[in-house]
>>> print(open('upload-v8.pdb').read())   # PDB, C-alpha atoms, pLDDT in the B column
MODEL        1
ATOM      1  CA  MET A   1      71.294 112.784  84.335  1.00 49.00           C
ATOM      2  CA  LYS A   2      71.425 109.025  84.792  1.00 53.00           C
ATOM      3  CA  ARG A   3      74.111 108.793  82.090  1.00 51.00           C
ATOM      4  CA  LEU A   4      76.162 111.504  83.794  1.00 42.00           C
ATOM      5  CA  VAL A   5      76.066 109.614  87.114  1.00 41.00           C
ATOM      6  CA  LEU A   6      77.074 106.345  85.406  1.00 39.00           C
ATOM      7  CA  LEU A   7      79.864 108.077  83.489  1.00 39.00           C
ATOM      8  CA  THR A   8      81.148 109.683  86.703  1.00 45.00           C
ATOM      9  CA  LEU A   9      81.121 106.309  88.509  1.00 43.00           C
ATOM     10  CA  PHE A  10      82.876 104.627  85.575  1.00 49.00           C
ATOM     11  CA  LEU A  11      85.592 107.293  85.411  1.00 42.00           C
ATOM     12  CA  GLY A  12      86.052 107.163  89.183  1.00 47.00           C
ATOM     13  CA  CYS A  13      86.555 103.387  89.050  1.00 44.00           C
ATOM     14  CA  ALA A  14      88.978 103.694  86.131  1.00 43.00           C
ATOM     15  CA  VAL A  15      91.078 106.269  87.972  1.00 41.00           C
ATOM     16  CA  ALA A  16      91.097 104.153  91.146  1.00 41.00           C
ATOM     17  CA  THR A  17      92.189 101.101  89.152  1.00 44.00           C
ATOM     18  CA  ALA A  18      94.956 103.037  87.392  1.00 48.00           C
ATOM     19  CA  GLN A  19      96.543 104.122  90.671  1.00 51.00           C
ATOM     20  CA  SER A  20      99.254 101.728  91.781  1.00 63.00           C
ATOM     21  CA  ASN A  21      99.025 102.167  95.560  1.00 91.00           C
ATOM     22  CA  CYS A  22     102.329 100.419  96.230  1.00 95.00           C
ATOM     23  CA  THR A  23     103.115  99.770  99.874  1.00 96.00           C
ATOM     24  CA  MET A  24     105.926  98.097 101.776  1.00 96.00           C
ATOM     25  CA  LYS A  25     103.578  95.130 102.193  1.00 95.00           C
ATOM     26  CA  ASN A  26     103.709  94.683  98.377  1.00 95.00           C
ATOM     27  CA  LEU A  27     107.471  95.168  98.161  1.00 97.00           C
ATOM     28  CA  ALA A  28     108.641  93.182 101.202  1.00 97.00           C
ATOM     29  CA  GLY A  29     110.193  89.798 100.496  1.00 97.00           C
ATOM     30  CA  THR A  30     113.300  87.963  99.371  1.00 98.00           C
ATOM     31  CA  TYR A  31     114.776  88.643  95.931  1.00 98.00           C
ATOM     32  CA  VAL A  32     117.390  87.243  93.578  1.00 98.00           C
ATOM     33  CA  ILE A  33     119.357  90.300  92.470  1.00 97.00           C
ATOM     34  CA  SER A  34     121.249  90.726  89.221  1.00 97.00           C
ATOM     35  CA  TYR A  35     123.065  93.726  87.713  1.00 96.00           C
ATOM     36  CA  SER A  36     125.230  94.110  84.639  1.00 96.00           C
ATOM     37  CA  GLY A  37     126.985  97.074  83.136  1.00 95.00           C
ATOM     38  CA  TYR A  38     130.138  99.122  83.355  1.00 94.00           C
ATOM     39  CA  LEU A  39     132.069 100.520  86.306  1.00 88.00           C
ATOM     40  CA  ALA A  40     134.612 103.274  85.932  1.00 88.00           C
ATOM     41  CA  MET A  41     137.013 104.781  88.397  1.00 85.00           C
ATOM     42  CA  THR A  42     137.210 108.536  88.125  1.00 84.00           C
ATOM     43  CA  GLY A  43     140.229 110.763  88.371  1.00 83.00           C
ATOM     44  CA  GLU A  44     143.573 111.172  86.691  1.00 87.00           C
ATOM     45  CA  GLY A  45     145.220 107.932  85.578  1.00 86.00           C
ATOM     46  CA  ALA A  46     142.080 105.846  86.108  1.00 84.00           C
ATOM     47  CA  PRO A  47     141.784 102.662  84.030  1.00 85.00           C
ATOM     48  CA  PRO A  48     139.152 102.480  81.287  1.00 88.00           C
ATOM     49  CA  PRO A  49     135.592 101.419  82.216  1.00 90.00           C
ATOM     50  CA  MET A  50     135.284  97.718  83.005  1.00 90.00           C
ATOM     51  CA  TYR A  51     132.362  95.357  82.464  1.00 94.00           C
ATOM     52  CA  ALA A  52     130.931  94.068  85.758  1.00 93.00           C
ATOM     53  CA  THR A  53     128.172  91.763  86.984  1.00 94.00           C
ATOM     54  CA  ILE A  54     126.572  91.453  90.398  1.00 94.00           C
ATOM     55  CA  PHE A  55     124.517  88.458  91.476  1.00 96.00           C
ATOM     56  CA  GLY A  56     123.095  87.598  94.888  1.00 97.00           C
ATOM     57  CA  VAL A  57     120.154  87.518  97.283  1.00 97.00           C
ATOM     58  CA  ALA A  58     118.586  90.482  99.075  1.00 97.00           C
ATOM     59  CA  SER A  59     115.711  90.916 101.472  1.00 97.00           C
ATOM     60  CA  VAL A  60     113.373  93.880 101.877  1.00 97.00           C
ATOM     61  CA  GLY A  61     111.744  94.048 105.309  1.00 97.00           C
ATOM     62  CA  PHE A  62     108.272  95.383 106.058  1.00 97.00           C
ATOM     63  CA  ASP A  63     110.015  98.347 107.731  1.00 97.00           C
ATOM     64  CA  GLY A  64     111.993  99.207 104.570  1.00 97.00           C
ATOM     65  CA  THR A  65     115.344  97.777 105.652  1.00 97.00           C
ATOM     66  CA  ILE A  66     117.442  95.939 103.093  1.00 97.00           C
ATOM     67  CA  SER A  67     119.872  93.135 103.865  1.00 97.00           C
ATOM     68  CA  GLY A  68     121.660  90.620 101.727  1.00 96.00           C
ATOM     69  CA  GLY A  69     124.802  89.583  99.971  1.00 96.00           C
ATOM     70  CA  ALA A  70     126.185  89.349  96.466  1.00 96.00           C
ATOM     71  CA  THR A  71     129.204  88.490  94.370  1.00 95.00           C
ATOM     72  CA  MET A  72     130.678  91.120  92.077  1.00 92.00           C
ATOM     73  CA  ASN A  73     132.758  90.059  89.121  1.00 93.00           C
ATOM     74  CA  VAL A  74     134.713  92.723  87.272  1.00 89.00           C
ATOM     75  CA  ILE A  75     136.500  91.615  84.116  1.00 85.00           C
ATOM     76  CA  GLY A  76     140.213  91.667  84.859  1.00 68.00           C
ATOM     77  CA  TYR A  77     139.797  91.548  88.650  1.00 77.00           C
ATOM     78  CA  PRO A  78     138.939  88.684  90.984  1.00 75.00           C
ATOM     79  CA  SER A  79     135.375  88.288  92.205  1.00 86.00           C
ATOM     80  CA  ALA A  80     134.497  89.857  95.540  1.00 91.00           C
ATOM     81  CA  GLU A  81     131.822  88.885  98.054  1.00 95.00           C
ATOM     82  CA  TYR A  82     129.743  91.798  99.314  1.00 94.00           C
ATOM     83  CA  VAL A  83     127.338  92.480 102.158  1.00 95.00           C
ATOM     84  CA  VAL A  84     124.487  94.716 101.017  1.00 94.00           C
ATOM     85  CA  PRO A  85     122.668  96.613 103.811  1.00 96.00           C
ATOM     86  CA  GLY A  86     120.456  99.631 103.234  1.00 97.00           C
ATOM     87  CA  GLU A  87     116.990 101.096 103.180  1.00 98.00           C
ATOM     88  CA  VAL A  88     114.249 101.630 100.628  1.00 98.00           C
ATOM     89  CA  ILE A  89     112.123 104.678  99.932  1.00 97.00           C
ATOM     90  CA  LEU A  90     108.948 103.563  98.144  1.00 98.00           C
ATOM     91  CA  ASN A  91     106.492 105.941  96.499  1.00 98.00           C
ATOM     92  CA  SER A  92     102.814 105.054  96.100  1.00 96.00           C
ATOM     93  CA  ASP A  93     103.269 105.018  92.282  1.00 97.00           C
ATOM     94  CA  CYS A  94     105.694 102.039  92.592  1.00 98.00           C
ATOM     95  CA  THR A  95     108.857 104.071  91.963  1.00 98.00           C
ATOM     96  CA  GLY A  96     111.515 104.488  94.583  1.00 98.00           C
ATOM     97  CA  THR A  97     115.105 104.633  95.723  1.00 98.00           C
ATOM     98  CA  PHE A  98     117.439 102.127  97.330  1.00 97.00           C
ATOM     99  CA  ASN A  99     120.022 103.745  99.619  1.00 97.00           C
ATOM    100  CA  LEU A 100     122.643 101.013  99.966  1.00 96.00           C
ATOM    101  CA  GLN A 101     125.953 100.733 101.838  1.00 94.00           C
ATOM    102  CA  PRO A 102     127.626  97.716 100.152  1.00 93.00           C
ATOM    103  CA  TYR A 103     131.001  96.574 101.456  1.00 93.00           C
ATOM    104  CA  ILE A 104     133.398  93.669 100.909  1.00 92.00           C
ATOM    105  CA  THR A 105     132.594  90.855 103.347  1.00 93.00           C
ATOM    106  CA  GLY A 106     134.550  91.365 106.559  1.00 91.00           C
ATOM    107  CA  HIS A 107     135.360  95.003 105.837  1.00 93.00           C
ATOM    108  CA  PRO A 108     132.411  97.222 106.874  1.00 91.00           C
ATOM    109  CA  GLU A 109     134.838 100.152 107.162  1.00 90.00           C
ATOM    110  CA  LEU A 110     135.014 100.110 103.339  1.00 88.00           C
ATOM    111  CA  ALA A 111     131.261 100.710 102.885  1.00 89.00           C
ATOM    112  CA  GLU A 112     130.400 103.133 100.092  1.00 89.00           C
ATOM    113  CA  ALA A 113     127.075 104.865  99.588  1.00 93.00           C
ATOM    114  CA  GLU A 114     125.222 103.578  96.521  1.00 94.00           C
ATOM    115  CA  ILE A 115     121.924 104.955  95.263  1.00 96.00           C
ATOM    116  CA  ASP A 116     119.684 102.960  92.924  1.00 97.00           C
ATOM    117  CA  ARG A 117     116.447 104.242  91.348  1.00 98.00           C
ATOM    118  CA  PHE A 118     113.773 101.644  90.635  1.00 98.00           C
ATOM    119  CA  VAL A 119     110.313 100.802  89.338  1.00 98.00           C
ATOM    120  CA  PHE A 120     108.430  97.982  91.075  1.00 98.00           C
ATOM    121  CA  ASP A 121     106.107  95.780  89.006  1.00 97.00           C
ATOM    122  CA  LYS A 122     103.871  94.505  91.779  1.00 94.00           C
ATOM    123  CA  GLN A 123     101.978  92.099  89.514  1.00 95.00           C
ATOM    124  CA  ASN A 124     105.169  90.248  88.558  1.00 96.00           C
ATOM    125  CA  HIS A 125     107.002  90.927  91.848  1.00 97.00           C
ATOM    126  CA  THR A 126     109.971  92.350  89.933  1.00 98.00           C
ATOM    127  CA  ILE A 127     112.042  95.469  90.499  1.00 98.00           C
ATOM    128  CA  MET A 128     113.874  97.058  87.560  1.00 98.00           C
ATOM    129  CA  LEU A 129     116.576  99.521  88.516  1.00 97.00           C
ATOM    130  CA  THR A 130     119.653 101.488  87.589  1.00 96.00           C
ATOM    131  CA  ILE A 131     122.599 102.620  89.674  1.00 95.00           C
ATOM    132  CA  VAL A 132     122.457 106.407  90.008  1.00 93.00           C
ATOM    133  CA  SER A 133     125.518 106.817  92.245  1.00 91.00           C
ATOM    134  CA  ALA A 134     128.178 104.201  92.988  1.00 88.00           C
ATOM    135  CA  GLY A 135     130.008 106.237  95.622  1.00 83.00           C
ATOM    136  CA  PRO A 136     133.039 108.536  95.612  1.00 84.00           C
ATOM    137  CA  GLY A 137     135.580 107.825  92.909  1.00 83.00           C
ATOM    138  CA  LEU A 138     133.278 105.499  90.953  1.00 85.00           C
ATOM    139  CA  SER A 139     130.900 105.928  88.081  1.00 86.00           C
ATOM    140  CA  ALA A 140     128.464 103.218  87.004  1.00 89.00           C
ATOM    141  CA  ALA A 141     126.341 102.536  83.962  1.00 90.00           C
ATOM    142  CA  ALA A 142     124.481  99.411  85.059  1.00 94.00           C
ATOM    143  CA  LEU A 143     120.965  98.030  84.900  1.00 96.00           C
ATOM    144  CA  GLY A 144     119.593  95.524  87.354  1.00 97.00           C
ATOM    145  CA  SER A 145     116.619  93.440  88.278  1.00 98.00           C
ATOM    146  CA  TRP A 146     115.397  92.033  91.561  1.00 98.00           C
ATOM    147  CA  ASN A 147     113.043  89.056  91.134  1.00 98.00           C
ATOM    148  CA  GLN A 148     111.040  88.027  94.166  1.00 98.00           C
ATOM    149  CA  ILE A 149     111.491  84.389  95.194  1.00 97.00           C
ATOM    150  CA  SER A 150     109.474  84.659  98.404  1.00 97.00           C
ATOM    151  CA  PRO A 151     107.058  87.211  99.900  1.00 96.00           C
ATOM    152  CA  VAL A 152     108.770  86.521 103.238  1.00 96.00           C
ATOM    153  CA  PRO A 153     111.807  88.673 104.136  1.00 96.00           C
ATOM    154  CA  ASN A 154     115.036  86.751 104.827  1.00 93.00           C
ATOM    155  CA  ALA A 155     113.741  83.515 103.277  1.00 93.00           C
ATOM    156  CA  ALA A 156     117.199  82.910 101.756  1.00 92.00           C
ATOM    157  CA  THR A 157     120.722  84.174 102.331  1.00 88.00           C
ATOM    158  CA  TRP A 158     123.833  84.470 100.180  1.00 88.00           C
TER     159      TRP A 158
ENDMDL
END
>>> encode(input="upload-v8.pdb", output="structure tokens")
Amino acid sequence: MKRLVLLTLFLGCAVATAQSNCTMKNLAGTYVISYSGYLAMTGEGAPPPMYATIFGVASVGFDGTISGGATMNVIGYPSAEYVVPGEVILNSDCTGTFNLQPYITGHPELAEAEIDRFVFDKQNHTIMLTIVSAGPGLSAAALGSWNQISPVPNAATW
């Protein structure tokens, strides 16, 4: 009986340790963001997919809001500065979704809905993600990472 009680306690502790229990308190902070991959315009007469990179700074607030800025460089086209507002949906298992509305600086009327799926490594304060939807008329095959540089939201701007 004593062994059964000890085994039950041990298994209970192991299960509790295995659960991630991610919260916005873990995720909130300021991040250096980096993506690389291919963008493609869809539709008749669209050019072939083009290699693109995105680099910038983003902040995740304790309330789940995202703010920041980045530069996108697409091979064959000039770089563009972007504002990156949005919101995060975080699951307790450290997976989640970024719902972003990036737009070229000075042109919020050009905002397009972007959806990124991610996994948050709370020990290393790193988010690994992929773009699931780049908005109407675009297709993306890009991977990204967000590396926390401060646990304080808005500690740096782009």
>>> resolve_selection(input="upload-v8.pdb", expression="the PyMOL selection byres ((chain A and resi 84-95) around 9)", output="VMD selection string")
chain A and resid 19 to 24 27 58 60 63 to 70 82 to 83 96 to 104 117 to 122
>>> atom_distance(input="upload-v8.pdb", atom1="atom CA of Leu138 of chain A", atom2="atom CA of Leu39 of chain A")
6.9 Å
>>> resolve_selection(input="upload-v8.pdb", expression="the PyMOL selection byres ((chain A and resi 42) around 6)", output="list in words")
Met41, Gly43, Ala46, Gly137 and Leu138 of chain A
>>> write_last_selection(input="upload-v8.pdb", atoms="C-alpha atoms", output="PDB file, in the coordinates of the input")
ATOM      1  CA  MET A  41     137.013 104.781  88.397  1.00 85.00           C
ATOM      2  CA  GLY A  43     140.229 110.763  88.371  1.00 83.00           C
ATOM      3  CA  ALA A  46     142.080 105.846  86.108  1.00 84.00           C
ATOM      4  CA  GLY A 137     135.580 107.825  92.909  1.00 83.00           C
ATOM      5  CA  LEU A 138     133.278 105.499  90.953  1.00 85.00           C
TER       6      LEU A 138
END
>>> atom_distance(input="upload-v8.pdb", atom1="atom CA of Gly61 of chain A", atom2="atom CA of Val32 of chain A")
14.7 Å
>>> residues_around(input="upload-v8.pdb", residues="Ile75 of chain A", least_positions_apart="2", cutoff="9 Å", atoms="all atoms listed in the file", output="count of residues only")
8
>>> atom_distance(input="upload-v8.pdb", atom1="atom CA of Thr126 of chain A", atom2="atom CA of Val74 of chain A")
24.9 Å
>>> closest_residue(input="upload-v8.pdb", among="A:Gly144, A:Pro47, A:Pro151, A:Pro108", to="Phe62 of chain A", atoms="all atoms listed in the file")
A:Pro151
>>> closest_residue(input="upload-v8.pdb", among="A:Ala155, A:Thr30, A:Ala111, A:Gly37", to="Leu143 of chain A", atoms="only C-alpha atoms")
A:Gly37
>>> resolve_selection(input="upload-v8.pdb", expression="the PyMOL selection byres ((chain A and resi 139) around 10)", output="ChimeraX atom specification")
/A:38-42,49,131-138,140-142
>>> closest_residue(input="upload-v8.pdb", among="A:His107, A:Asn26, A:Glu44, A:Gly56", to="Ser145 of chain A", atoms="all atoms listed in the file")
A:Gly56
>>> axis_aligned_box(input="upload-v8.pdb", around="segment 73-91 of chain A", padding_each_side="3 Å", output="AutoDock Vina command-line options")
--center_x 123.4 --center_y 97.1 --center_z 94.0 --size_x 39.7 --size_y 23.7 --size_z 25.7
>>> closest_residue(input="upload-v8.pdb", among="A:Glu112, A:Thr105, A:Trp146, A:Thr71", to="His125 of chain A", atoms="only C-alpha atoms")
A:Trp146
>>> residues_around(input="upload-v8.pdb", residues="Ala156 of chain A", least_positions_apart="2", cutoff="10 Å", atoms="all atoms listed in the file", output="ChimeraX atom specification")
/A:29-32,57-59,68,149-150,152-154,158
>>> build_atoms(input="upload-v8.pdb", residues="segment 17-47 of chain A", atoms="N, CA and C atoms", output="compact mmCIF listing (two decimals), keeping the file's coordinate frame")
# COMPACT_ATOMS: atom_id res chain seq x y z
N THR A 17 91.49 102.28 89.64
CA THR A 17 92.19 101.10 89.15
C THR A 17 93.56 101.47 88.62
N ALA A 18 93.69 102.63 87.99
CA ALA A 18 94.96 103.04 87.39
C ALA A 18 96.01 103.39 88.44
N GLN A 19 95.60 103.76 89.63
CA GLN A 19 96.54 104.12 90.67
C GLN A 19 97.20 102.86 91.22
N SER A 20 98.50 102.91 91.39
CA SER A 20 99.25 101.73 91.78
C SER A 20 99.12 101.38 93.26
N ASN A 21 99.12 102.38 94.12
CA ASN A 21 99.02 102.17 95.56
C ASN A 21 100.03 101.14 96.07
N CYS A 22 101.29 101.31 95.73
CA CYS A 22 102.33 100.42 96.23
C CYS A 22 102.60 100.71 97.70
N THR A 23 102.79 99.66 98.45
CA THR A 23 103.12 99.77 99.87
C THR A 23 104.27 98.83 100.19
N MET A 24 104.86 98.99 101.36
CA MET A 24 105.93 98.10 101.78
C MET A 24 105.42 96.66 101.88
N LYS A 25 104.14 96.49 102.15
CA LYS A 25 103.58 95.13 102.19
C LYS A 25 103.71 94.46 100.83
N ASN A 26 103.53 95.22 99.73
CA ASN A 26 103.71 94.68 98.38
C ASN A 26 105.17 94.37 98.08
N LEU A 27 106.06 95.24 98.52
CA LEU A 27 107.47 95.17 98.16
C LEU A 27 108.27 94.20 99.03
N ALA A 28 107.87 94.02 100.27
CA ALA A 28 108.64 93.18 101.20
C ALA A 28 108.79 91.77 100.66
N GLY A 29 109.95 91.17 100.91
CA GLY A 29 110.19 89.80 100.50
C GLY A 29 111.66 89.54 100.25
N THR A 30 111.94 88.37 99.69
CA THR A 30 113.30 87.96 99.37
C THR A 30 113.45 87.93 97.85
N TYR A 31 114.55 88.47 97.36
CA TYR A 31 114.78 88.64 95.93
C TYR A 31 116.12 88.05 95.49
N VAL A 32 116.14 87.52 94.27
CA VAL A 32 117.39 87.24 93.58
C VAL A 32 117.73 88.54 92.86
N ILE A 33 118.96 89.03 93.07
CA ILE A 33 119.36 90.30 92.47
C ILE A 33 120.41 90.07 91.39
N SER A 34 120.32 90.86 90.34
CA SER A 34 121.25 90.73 89.22
C SER A 34 121.45 92.10 88.58
N TYR A 35 122.70 92.48 88.40
CA TYR A 35 123.06 93.73 87.71
C TYR A 35 124.11 93.40 86.65
N SER A 36 124.13 94.18 85.59
CA SER A 36 125.23 94.11 84.64
C SER A 36 125.42 95.48 84.01
N GLY A 37 126.67 95.78 83.73
CA GLY A 37 126.98 97.07 83.14
C GLY A 37 128.45 97.41 83.30
N TYR A 38 128.75 98.68 83.30
CA TYR A 38 130.14 99.12 83.36
C TYR A 38 130.40 99.94 84.61
N LEU A 39 131.58 99.72 85.19
CA LEU A 39 132.07 100.52 86.31
C LEU A 39 133.31 101.27 85.84
N ALA A 40 133.43 102.48 86.28
CA ALA A 40 134.61 103.27 85.93
C ALA A 40 135.10 103.99 87.18
N MET A 41 136.41 103.97 87.35
CA MET A 41 137.01 104.78 88.40
C MET A 41 137.23 106.16 87.80
N THR A 42 137.05 107.18 88.62
CA THR A 42 137.21 108.54 88.12
C THR A 42 138.54 109.10 88.61
N GLY A 43 138.98 110.12 87.97
CA GLY A 43 140.23 110.76 88.37
C GLY A 43 141.35 110.52 87.38
N GLU A 44 142.41 111.25 87.58
CA GLU A 44 143.57 111.17 86.69
C GLU A 44 144.23 109.80 86.78
N GLY A 45 144.54 109.22 85.63
CA GLY A 45 145.22 107.93 85.58
C GLY A 45 144.31 106.73 85.83
N ALA A 46 143.02 106.96 85.87
CA ALA A 46 142.08 105.85 86.11
C ALA A 46 142.05 104.91 84.91
N PRO A 47 141.88 103.61 85.16
CA PRO A 47 141.78 102.66 84.03
C PRO A 47 140.49 102.89 83.26
